[in-house]
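*Asks:* Provided below: start-v4.txt, containing compact mmCIF, C-alpha atoms.
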# COMPACT_ATOMS: atom_id res chain seq x y z
CA MET A 1 10.05 0.45 13.90
CA LYS A 2 9.31 -3.08 12.71
CA LYS A 3 11.33 -4.49 15.61
CA ILE A 4 9.33 -2.45 18.12
CA THR A 5 6.05 -3.59 16.56
CA LEU A 6 7.21 -7.21 16.69
CA LEU A 7 8.26 -6.84 20.31
CA VAL A 8 4.86 -5.40 21.28
CA PHE A 9 3.14 -8.24 19.44
CA MET A 10 5.24 -10.87 21.23
CA ILE A 11 4.48 -9.32 24.63
CA ALA A 12 0.76 -9.29 23.84
CA VAL A 13 0.88 -12.96 22.78
CA SER A 14 2.84 -13.79 25.92
CA PHE A 15 0.16 -12.22 28.14
CA GLY A 16 -2.55 -14.02 26.18
CA VAL A 17 -0.91 -17.38 26.82
CA GLN A 18 -0.37 -16.63 30.49
CA SER A 19 -4.04 -15.68 30.95
CA GLN A 20 -5.01 -19.26 30.12
CA ILE A 21 -3.04 -20.67 33.05
CA SER A 22 -5.22 -21.72 36.01
CA THR A 23 -4.10 -20.54 39.43
CA PRO A 24 -5.74 -20.89 42.85
CA ALA A 25 -8.22 -18.21 43.84
CA ALA A 26 -7.10 -15.93 46.65
CA SER A 27 -10.54 -16.35 48.23
CA PRO A 28 -11.90 -19.78 47.20
CA ALA A 29 -15.62 -20.27 46.70
CA SER A 30 -17.50 -22.48 49.12
CA THR A 31 -21.03 -23.86 49.42
CA LEU A 32 -22.62 -24.88 52.71
CA ILE A 33 -25.77 -27.02 52.59
CA GLN A 34 -27.72 -27.87 55.72
CA LYS A 35 -31.20 -29.14 56.50
CA VAL A 36 -32.66 -27.53 59.62
CA GLY A 37 -35.76 -29.41 60.68
CA LEU A 38 -37.57 -29.66 57.33
CA THR A 39 -36.03 -26.49 55.85
CA ASP A 40 -33.14 -26.57 53.36
CA VAL A 41 -30.56 -23.83 53.91
CA THR A 42 -27.74 -23.12 51.44
CA VAL A 43 -24.94 -20.56 51.86
CA GLU A 44 -22.68 -19.66 48.91
CA TYR A 45 -19.68 -17.46 49.72
CA SER A 46 -15.97 -16.84 49.13
CA ARG A 47 -13.39 -17.33 51.87
CA PRO A 48 -10.62 -14.75 52.26
CA SER A 49 -7.66 -15.49 54.56
CA MET A 50 -5.82 -13.29 57.08
CA ARG A 51 -2.31 -13.66 55.56
CA GLY A 52 -0.77 -11.69 58.41
CA ARG A 53 -3.22 -8.82 58.13
CA THR A 54 -5.27 -7.24 60.90
CA ILE A 55 -8.89 -7.92 59.98
CA PHE A 56 -11.56 -6.14 61.99
CA GLY A 57 -11.03 -2.45 62.50
CA ASP A 58 -8.49 -2.42 59.66
CA LEU A 59 -8.96 -4.58 56.55
CA VAL A 60 -12.67 -4.71 57.44
CA PRO A 61 -13.39 -1.27 58.97
CA TYR A 62 -15.74 -0.92 61.90
CA ASP A 63 -19.21 0.51 61.28
CA LYS A 64 -18.99 0.20 57.50
CA LEU A 65 -20.97 -2.12 55.26
CA TRP A 66 -19.11 -5.34 54.40
CA ARG A 67 -19.96 -7.96 51.79
CA THR A 68 -19.34 -10.65 54.45
CA GLY A 69 -16.72 -12.55 52.50
CA ALA A 70 -15.04 -11.80 49.19
CA ASN A 71 -15.76 -11.69 45.44
CA ALA A 72 -19.48 -12.15 44.66
CA ARG A 73 -22.04 -11.31 47.33
CA THR A 74 -22.53 -13.97 49.95
CA LYS A 75 -25.90 -15.62 49.24
CA ILE A 76 -28.15 -17.55 51.58
CA THR A 77 -31.21 -19.49 50.41
CA PHE A 78 -34.09 -20.79 52.54
CA SER A 79 -36.62 -23.30 51.20
CA GLU A 80 -39.26 -22.18 53.73
CA ASN A 81 -40.16 -18.93 55.48
CA VAL A 82 -37.97 -18.41 58.56
CA MET A 83 -37.92 -16.01 61.49
CA ILE A 84 -34.87 -13.82 62.17
CA GLY A 85 -34.80 -11.24 64.94
CA GLY A 86 -38.57 -11.41 65.29
CA GLN A 87 -39.09 -10.75 61.55
CA GLU A 88 -40.43 -13.19 58.98
CA LEU A 89 -38.02 -13.77 56.10
CA LYS A 90 -39.79 -15.27 53.11
CA ALA A 91 -38.46 -18.38 51.41
CA GLY A 92 -35.92 -17.43 48.73
CA SER A 93 -32.38 -16.12 48.28
CA TYR A 94 -30.73 -13.12 49.92
CA ALA A 95 -27.34 -11.43 50.09
CA ILE A 96 -25.87 -11.23 53.57
CA PHE A 97 -24.34 -7.85 54.36
CA THR A 98 -22.88 -6.96 57.73
CA LYS A 99 -21.70 -3.85 59.50
CA PRO A 100 -19.06 -5.13 61.97
CA GLY A 101 -18.47 -3.30 65.23
CA ALA A 102 -16.08 -3.91 68.09
CA SER A 103 -18.80 -5.37 70.34
CA SER A 104 -21.70 -6.16 67.98
CA TRP A 105 -22.51 -6.51 64.30
CA GLU A 106 -25.52 -5.42 62.30
CA VAL A 107 -26.63 -8.15 59.90
CA PHE A 108 -28.77 -7.46 56.82
CA PHE A 109 -30.61 -9.90 54.55
CA TYR A 110 -30.82 -8.04 51.23
CA SER A 111 -33.12 -9.15 48.41
CA ASP A 112 -30.68 -8.17 45.63
CA TYR A 113 -28.13 -10.97 45.90
CA ASN A 114 -26.58 -10.58 42.43
CA GLY A 115 -23.33 -8.78 41.76
CA GLY A 116 -20.12 -8.31 43.69
CA GLY A 117 -19.31 -6.17 46.69
CA THR A 118 -21.70 -3.85 48.45
CA PRO A 119 -24.37 -1.94 46.47
CA SER A 120 -23.27 1.44 45.17
CA ASP A 121 -26.74 2.72 46.10
CA TRP A 122 -28.10 1.06 49.20
CA ASP A 123 -31.86 0.51 48.89
CA GLU A 124 -33.51 0.19 52.28
CA SER A 125 -36.62 -1.27 50.65
CA LYS A 126 -34.55 -4.32 49.67
CA VAL A 127 -33.68 -5.10 53.29
CA ALA A 128 -35.93 -8.10 53.91
CA ALA A 129 -34.76 -8.53 57.51
CA LYS A 130 -32.07 -7.14 59.77
CA THR A 131 -30.80 -7.96 63.23
CA SER A 132 -27.83 -7.44 65.52
CA ALA A 133 -25.48 -10.01 66.99
CA GLN A 134 -22.97 -9.82 69.79
CA VAL A 135 -19.26 -10.32 69.11
CA GLN A 136 -17.63 -13.21 70.94
CA ASN A 137 -13.83 -13.04 71.15
CA LEU A 138 -12.12 -16.36 70.54
CA PRO A 139 -9.06 -17.63 72.43
CA PHE A 140 -7.51 -18.58 69.07
CA GLU A 141 -7.36 -17.22 65.52
CA VAL A 142 -9.30 -18.53 62.52
CA GLU A 143 -7.07 -17.94 59.48
CA THR A 144 -9.77 -18.27 56.80
CA PHE A 145 -13.23 -16.69 56.94
CA THR A 146 -15.68 -19.47 57.79
CA MET A 147 -19.47 -19.63 57.89
CA THR A 148 -21.35 -22.38 59.69
CA ILE A 149 -24.86 -23.49 60.49
CA ASP A 150 -24.65 -24.87 63.99
CA GLY A 151 -26.72 -25.15 67.16
CA LEU A 152 -29.10 -27.37 65.22
CA SER A 153 -32.49 -28.33 66.61
CA ASP A 154 -35.78 -29.32 64.98
CA ASN A 155 -36.96 -25.71 65.04
CA ALA A 156 -33.88 -23.47 64.90
CA ALA A 157 -30.20 -23.08 64.11
CA THR A 158 -27.48 -20.42 64.23
CA LEU A 159 -25.73 -18.91 61.23
CA GLY A 160 -22.16 -18.55 62.45
CA MET A 161 -19.35 -16.32 61.12
CA PHE A 162 -15.73 -16.91 62.21
CA TRP A 163 -12.65 -14.91 61.27
CA SER A 164 -9.53 -13.76 63.05
CA ASN A 165 -10.38 -14.03 66.75
CA VAL A 166 -14.07 -13.12 66.30
CA TYR A 167 -17.27 -15.18 66.23
CA VAL A 168 -20.73 -13.79 65.50
CA GLY A 169 -23.87 -15.92 65.47
CA VAL A 170 -27.33 -15.12 64.13
CA LYS A 171 -30.13 -17.43 65.28
CA PHE A 172 -33.03 -18.22 62.96
CA ASP A 173 -36.19 -20.23 63.54
CA VAL A 174 -37.73 -22.62 61.02
CA PRO A 175 -41.43 -23.63 60.83
CA THR A 176 -40.92 -27.32 61.55
CA ASP A 177 -43.52 -27.58 64.28
CA LYS A 178 -46.11 -25.69 62.23
CA THR A 179 -45.48 -27.88 59.17
CA VAL A 180 -45.54 -31.18 61.05
CA THR A 181 -48.59 -30.23 63.11
CA SER A 182 -50.48 -29.22 59.98
CA SER A 183 -49.54 -32.49 58.29
CA ILE A 184 -50.63 -34.52 61.31
CA GLU A 185 -53.97 -32.71 61.51
CA LYS A 186 -54.59 -33.25 57.79
CA VAL A 187 -53.81 -36.97 57.96
CA MET A 188 -55.87 -37.48 61.10
CA LYS A 189 -58.87 -35.84 59.44
CA GLY A 190 -58.65 -38.37 56.62
CA PRO A 191 -58.16 -38.00 52.86
CA ASP A 192 -59.20 -34.77 51.17
CA ALA A 193 -60.81 -34.28 47.76
CA ASN A 194 -57.47 -34.37 45.93
CA ASP A 195 -56.49 -37.63 47.62
CA TYR A 196 -59.79 -39.30 46.67
CA TYR A 197 -59.56 -37.94 43.10
CA ALA A 198 -55.96 -39.12 42.58
CA ALA A 199 -56.75 -42.58 43.99
CA ALA A 200 -59.83 -42.94 41.78
CA VAL A 201 -58.03 -41.97 38.58
CA TYR A 202 -55.13 -44.27 39.43
CA TYR A 203 -57.47 -47.23 40.02
CA MET A 204 -59.26 -46.59 36.72
CA ASN A 205 -56.07 -46.21 34.67
CA SER A 206 -54.44 -49.22 36.35
CA GLY A 207 -57.36 -51.56 35.75
CA LYS A 208 -58.04 -52.03 39.45
CA ASP A 209 -61.42 -52.24 41.20
CA ILE A 210 -63.56 -49.84 39.15
CA ASN A 211 -66.34 -49.81 41.74
CA LYS A 212 -63.87 -48.62 44.37
CA ALA A 213 -62.66 -45.98 41.88
CA LYS A 214 -66.27 -44.86 41.41
CA GLU A 215 -66.80 -44.67 45.17
CA TRP A 216 -63.67 -42.54 45.62
CA MET A 217 -64.47 -40.25 42.69
CA ASP A 218 -67.99 -39.62 44.02
CA LYS A 219 -66.45 -38.76 47.37
CA ALA A 220 -63.94 -36.41 45.74
CA MET A 221 -66.65 -34.57 43.80
CA SER A 222 -68.85 -34.27 46.90
CA LEU A 223 -65.96 -32.50 48.65
CA THR A 224 -65.28 -30.19 45.68
CA TYR A 225 -67.23 -26.93 45.62
CA GLU A 226 -67.18 -26.51 41.84
CA PRO A 227 -65.63 -29.47 39.94
CA ALA A 228 -63.55 -28.49 36.92
CA TYR A 229 -64.22 -29.85 33.46
CA TRP A 230 -61.18 -32.16 33.57
CA GLN A 231 -62.36 -33.63 36.87
CA LEU A 232 -65.85 -34.21 35.50
CA ARG A 233 -64.27 -35.81 32.43
CA GLN A 234 -62.49 -38.39 34.57
CA GLN A 235 -65.65 -39.02 36.58
CA SER A 236 -67.63 -39.68 33.38
CA LEU A 237 -64.99 -42.17 32.21
CA ILE A 238 -65.15 -44.02 35.52
CA TYR A 239 -68.95 -44.20 35.30
CA ALA A 240 -68.71 -45.56 31.77
CA LYS A 241 -66.12 -48.15 32.75
CA ALA A 242 -68.30 -49.20 35.69
CA GLY A 243 -71.21 -49.76 33.29
CA ASP A 244 -73.29 -46.76 34.40
CA LYS A 245 -73.84 -45.14 30.99
CA LYS A 246 -76.64 -42.88 32.23
CA GLN A 247 -74.42 -41.21 34.83
CA ALA A 248 -71.52 -41.17 32.37
CA ILE A 249 -73.57 -39.23 29.83
CA GLU A 250 -74.97 -36.83 32.42
CA THR A 251 -71.48 -36.09 33.78
CA ALA A 252 -69.92 -35.78 30.31
CA LYS A 253 -72.52 -33.15 29.43
CA LYS A 254 -71.50 -31.16 32.52
CA SER A 255 -67.85 -31.50 31.53
CA LEU A 256 -68.67 -30.39 27.98
CA ALA A 257 -70.52 -27.29 29.18
CA ALA A 258 -67.65 -26.34 31.51
CA ALA A 259 -65.07 -26.95 28.77
CA GLU A 260 -67.04 -24.76 26.34
CA ALA A 261 -67.20 -22.00 28.97
CA ALA A 262 -63.43 -22.28 29.44
CA GLY A 263 -62.77 -22.44 25.69
CA ASN A 264 -60.83 -25.71 25.90
CA ALA A 265 -61.12 -27.28 22.45
CA ASP A 266 -59.46 -30.57 23.43
CA TYR A 267 -61.95 -31.34 26.19
CA ILE A 268 -64.87 -30.19 24.03
CA LYS A 269 -63.90 -32.73 21.38
CA MET A 270 -63.20 -35.55 23.87
CA ASN A 271 -66.56 -35.08 25.55
CA LYS A 272 -68.46 -34.91 22.25
CA ASP A 273 -66.73 -38.08 21.05
CA SER A 274 -67.58 -39.90 24.28
CA LEU A 275 -71.19 -38.75 24.24
CA LYS A 276 -71.55 -40.02 20.68
CA GLU A 277 -69.91 -43.33 21.65
CA TRP A 278 -72.25 -43.76 24.65
CA GLY A 279 -75.36 -43.04 22.59
CA ALA A 280 -76.28 -39.69 24.10
CA LYS A 281 -79.25 -37.85 22.65
Would you mind giving the structure from this file in structure tokens?
*Replies:*
Amino acid sequence: MKKITLLVFMIAVSFGVQSQISTPAASPASTLIQKVGLTDVTVEYSRPSMRGRTIFGDLVPYDKLWRTGANARTKITFSENVMIGGQELKAGSYAIFTKPGASSWEVFFYSDYNGGGTPSDWDESKVAAKTSAQVQNLPFEVETFTMTIDGLSDNAATLGMFWSNVYVGVKFDVPTDKTVTSSIEKVMKGPDANDYYAAAVYYMNSGKDINKAKEWMDKAMSLTYEPAYWQLRQQSLIYAKAGDKKQAIETAKKSLAAAEAAGNADYIKMNKDSLKEWGAK
């Protein structure tokens, strides 16, 4: 009995030692990073190989949901909203599920990207976008499942999937033109309130031309519908540094009232201290 117990113990130890040995993954993980226009796109997936097997219609059955790779769910992340199949897909991360067919695939962008394999309970409400893509038969075989982002332009690209003798591509559009046009229009209109405010505070804190800082701060406040207490605080400090104590006191009182309404003890104290320093009555 003791010999049997010892043998079992030795086998258990042997398996424990072996489990610490690193071996190559059957389906190695891969990360694809690509900038399309101004949008960052990242694809994280695992790459199974054919190894002499028939893939589509066999290992990957037709008309059944597939994880589109191996191991954990294939995840795609967009830094900006994109358009896929006429649908807006919000910036964020999604699992890519597919339903391969002999002539076309259905492609799903699923909001629940965590976990492995396909969901045990498919939730249609989590399908953020779906589209179909035509199968293109290749004149050669691709041994290892491969995803690409190709067909790059400033405003679009194609998410490609290669395996066996099959290629499927899903085009997506990125908002490059909208973003650039908006930026151009903003710049051509001139600085906004935030630009004037930031420049004024920088000039004051850096010991630069305080009169220019005052000019910019006045411009910023004139463009601001309801200045916040921290903005008024900075304006009062600029006035004081420029030697305009009357305006500094008047503005500090406005900042104090707004800080009291917001319940911000730090700004209440700072304003009271400044008002005392400037001789306010």
*Asks:* Counting all atoms listed in the file, figure out which residue out of A:Thr39, A:Thr98, A:Gln136, A:Thr158 gets nearest to Asp63 of chain A.
*Replies:*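 Among A:Thr39, A:Thr98, A:Gln136, A:Thr158, it is A:Thr98 that comes nearest to Asp63 of chain A.
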*Asks:* Calculated over all atoms listed in the file, which of the candidates A:Gln134, A:Glu143, A:Gly115, A:Phe78 has the smallest distance to Ile55 of chain A?
*Replies:* A:Glu143
*Asks:* Atom CA of Thr148 of chain A to atom CA of Ser164 of chain A: how many Å, to one decimal?
*Replies:*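 One can read the atom CA of Thr148 of chain A to atom CA of Ser164 of chain A distance as 15.0 Å.
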*Asks:* Segment 249-257 of chain A, all listed atoms, 5 Å padding on each side: what axis-aligned box centre and edge lengths in Å to one decimal come out, as JSON?
*Replies:*
{"center_x": -71.4, "center_y": -33.3, "center_z": 30.9, "size_x": 17.1, "size_y": 21.9, "size_z": 15.8}
*Asks:* When distances are computed from only C-alpha atoms, which of A:Thr118, A:Thr77, A:Thr224, A:Ser236 shows the smallest separation from Lys64 of chain A?
*Replies:*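 The shortest atom-to-atom distance to Lys64 of chain A comes from A:Thr118.
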*Asks:* Please identify all polymer residues within 6 Å of Ile76 of chain A, counting all atoms listed in the file, omitting same-chain residues fewer than 4 positions from it, and present them as number ranges by chain.
*Replies:* A: 42-43, 93-94
*Asks:* Applying 8 Å and all atoms listed in the file, which residues near Glu141 of chain A remain after dropping the ones on its own chain fewer than 5 positions away? List them as number ranges by chain.
*Replies:* A: 163-166
*Asks:* Using all atoms listed in the file, collect all residues at a distance of at most 7 Å from (-18.0, -20.9, 61.8) as written in the file, then present them as a PyMOL selection string.
*Replies:* chain A and resi 146-148+160-162
*Asks:* Report as CSV: every residue of segment 117-230 of chain A with an atom at most 8 Å from segment 254-271 of chain A, its closest pair of atoms, and their distance in Å to one decimal, counting only C-alpha atoms, with rows sorted by chain and ascending residue number.
*Replies:*
residue,atom,partner,partner_atom,distance
A:Ala228,CA,A:Ala258,CA,7.1
A:Tyr229,CA,A:Ser255,CA,4.4
A:Trp230,CA,A:Ser255,CA,7.0
*Asks:* Give as a ChimeraX atom specification each residue that has an atom at most 7 Å from (-21.4, -10.5, 66.2) in the file, counting all atoms listed in the file.
*Replies:* /A:104-105,133-136,167-169
*Asks:* For Leu89 of chain A, which residue among A:Pro175, A:Gly69, A:Gly52, A:Gly57 is the nearest when counting all atoms listed in the file?
*Replies:*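 That would be A:Pro175, the residue with the smallest distance to Leu89 of chain A.
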*Asks:* Nearest residue to Asn137 of chain A out of A:Asp192, A:Tyr239, A:Ser103, A:Asn71, using all atoms listed in the file?
*Replies:*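 Answer, going by the shortest atom-to-atom distance: A:Ser103.
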*Asks:* Please compute the atom CA of Asp195 of chain A-atom CA of Lys246 of chain A distance, one decimal, in Å.
*Replies:*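 Atom-to-atom, atom CA of Asp195 of chain A and atom CA of Lys246 of chain A are spaced 25.9 Å apart.
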*Asks:* For Pro28 of chain A, work out the shell of residues within 9 Å, counting all atoms listed in the file and skipping chain neighbours fewer than 6 positions away, then give it as a PDB file with C-alpha atoms, in the frame of the given file.
*Replies:*
ATOM      1  CA  TYR A  45     -19.680 -17.460  49.720  1.00  0.00           C
ATOM      2  CA  SER A  46     -15.970 -16.840  49.130  1.00  0.00           C
ATOM      3  CA  ARG A  47     -13.390 -17.330  51.870  1.00  0.00           C
ATOM      4  CA  PRO A  48     -10.620 -14.750  52.260  1.00  0.00           C
ATOM      5  CA  ALA A  70     -15.040 -11.800  49.190  1.00  0.00           C
TER       6      ALA A  70
END
*Asks:* Residues at most 7 Å from segment 149-155 of chain A, counting only C-alpha atoms, excluding those fewer than 2 positions away in the same chain, as a PyMOL selection string?
*Replies:* chain A and resi 36-37+157-160+173-177
*Asks:* Give me, please, the distance in Å between atom CA of Phe97 of chain A and atom CA of Asn81 of chain A, quoted to one decimal.
*Replies:* 19.3 Å
*Asks:* Which residue is closest to Asp209 of chain A? Choose from A:Glu185, A:Leu223, A:Lys241, A:Thr131 and count all atoms listed in the file.
*Replies:*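 Using all atoms listed in the file, Asp209 of chain A sits closest to A:Lys241.
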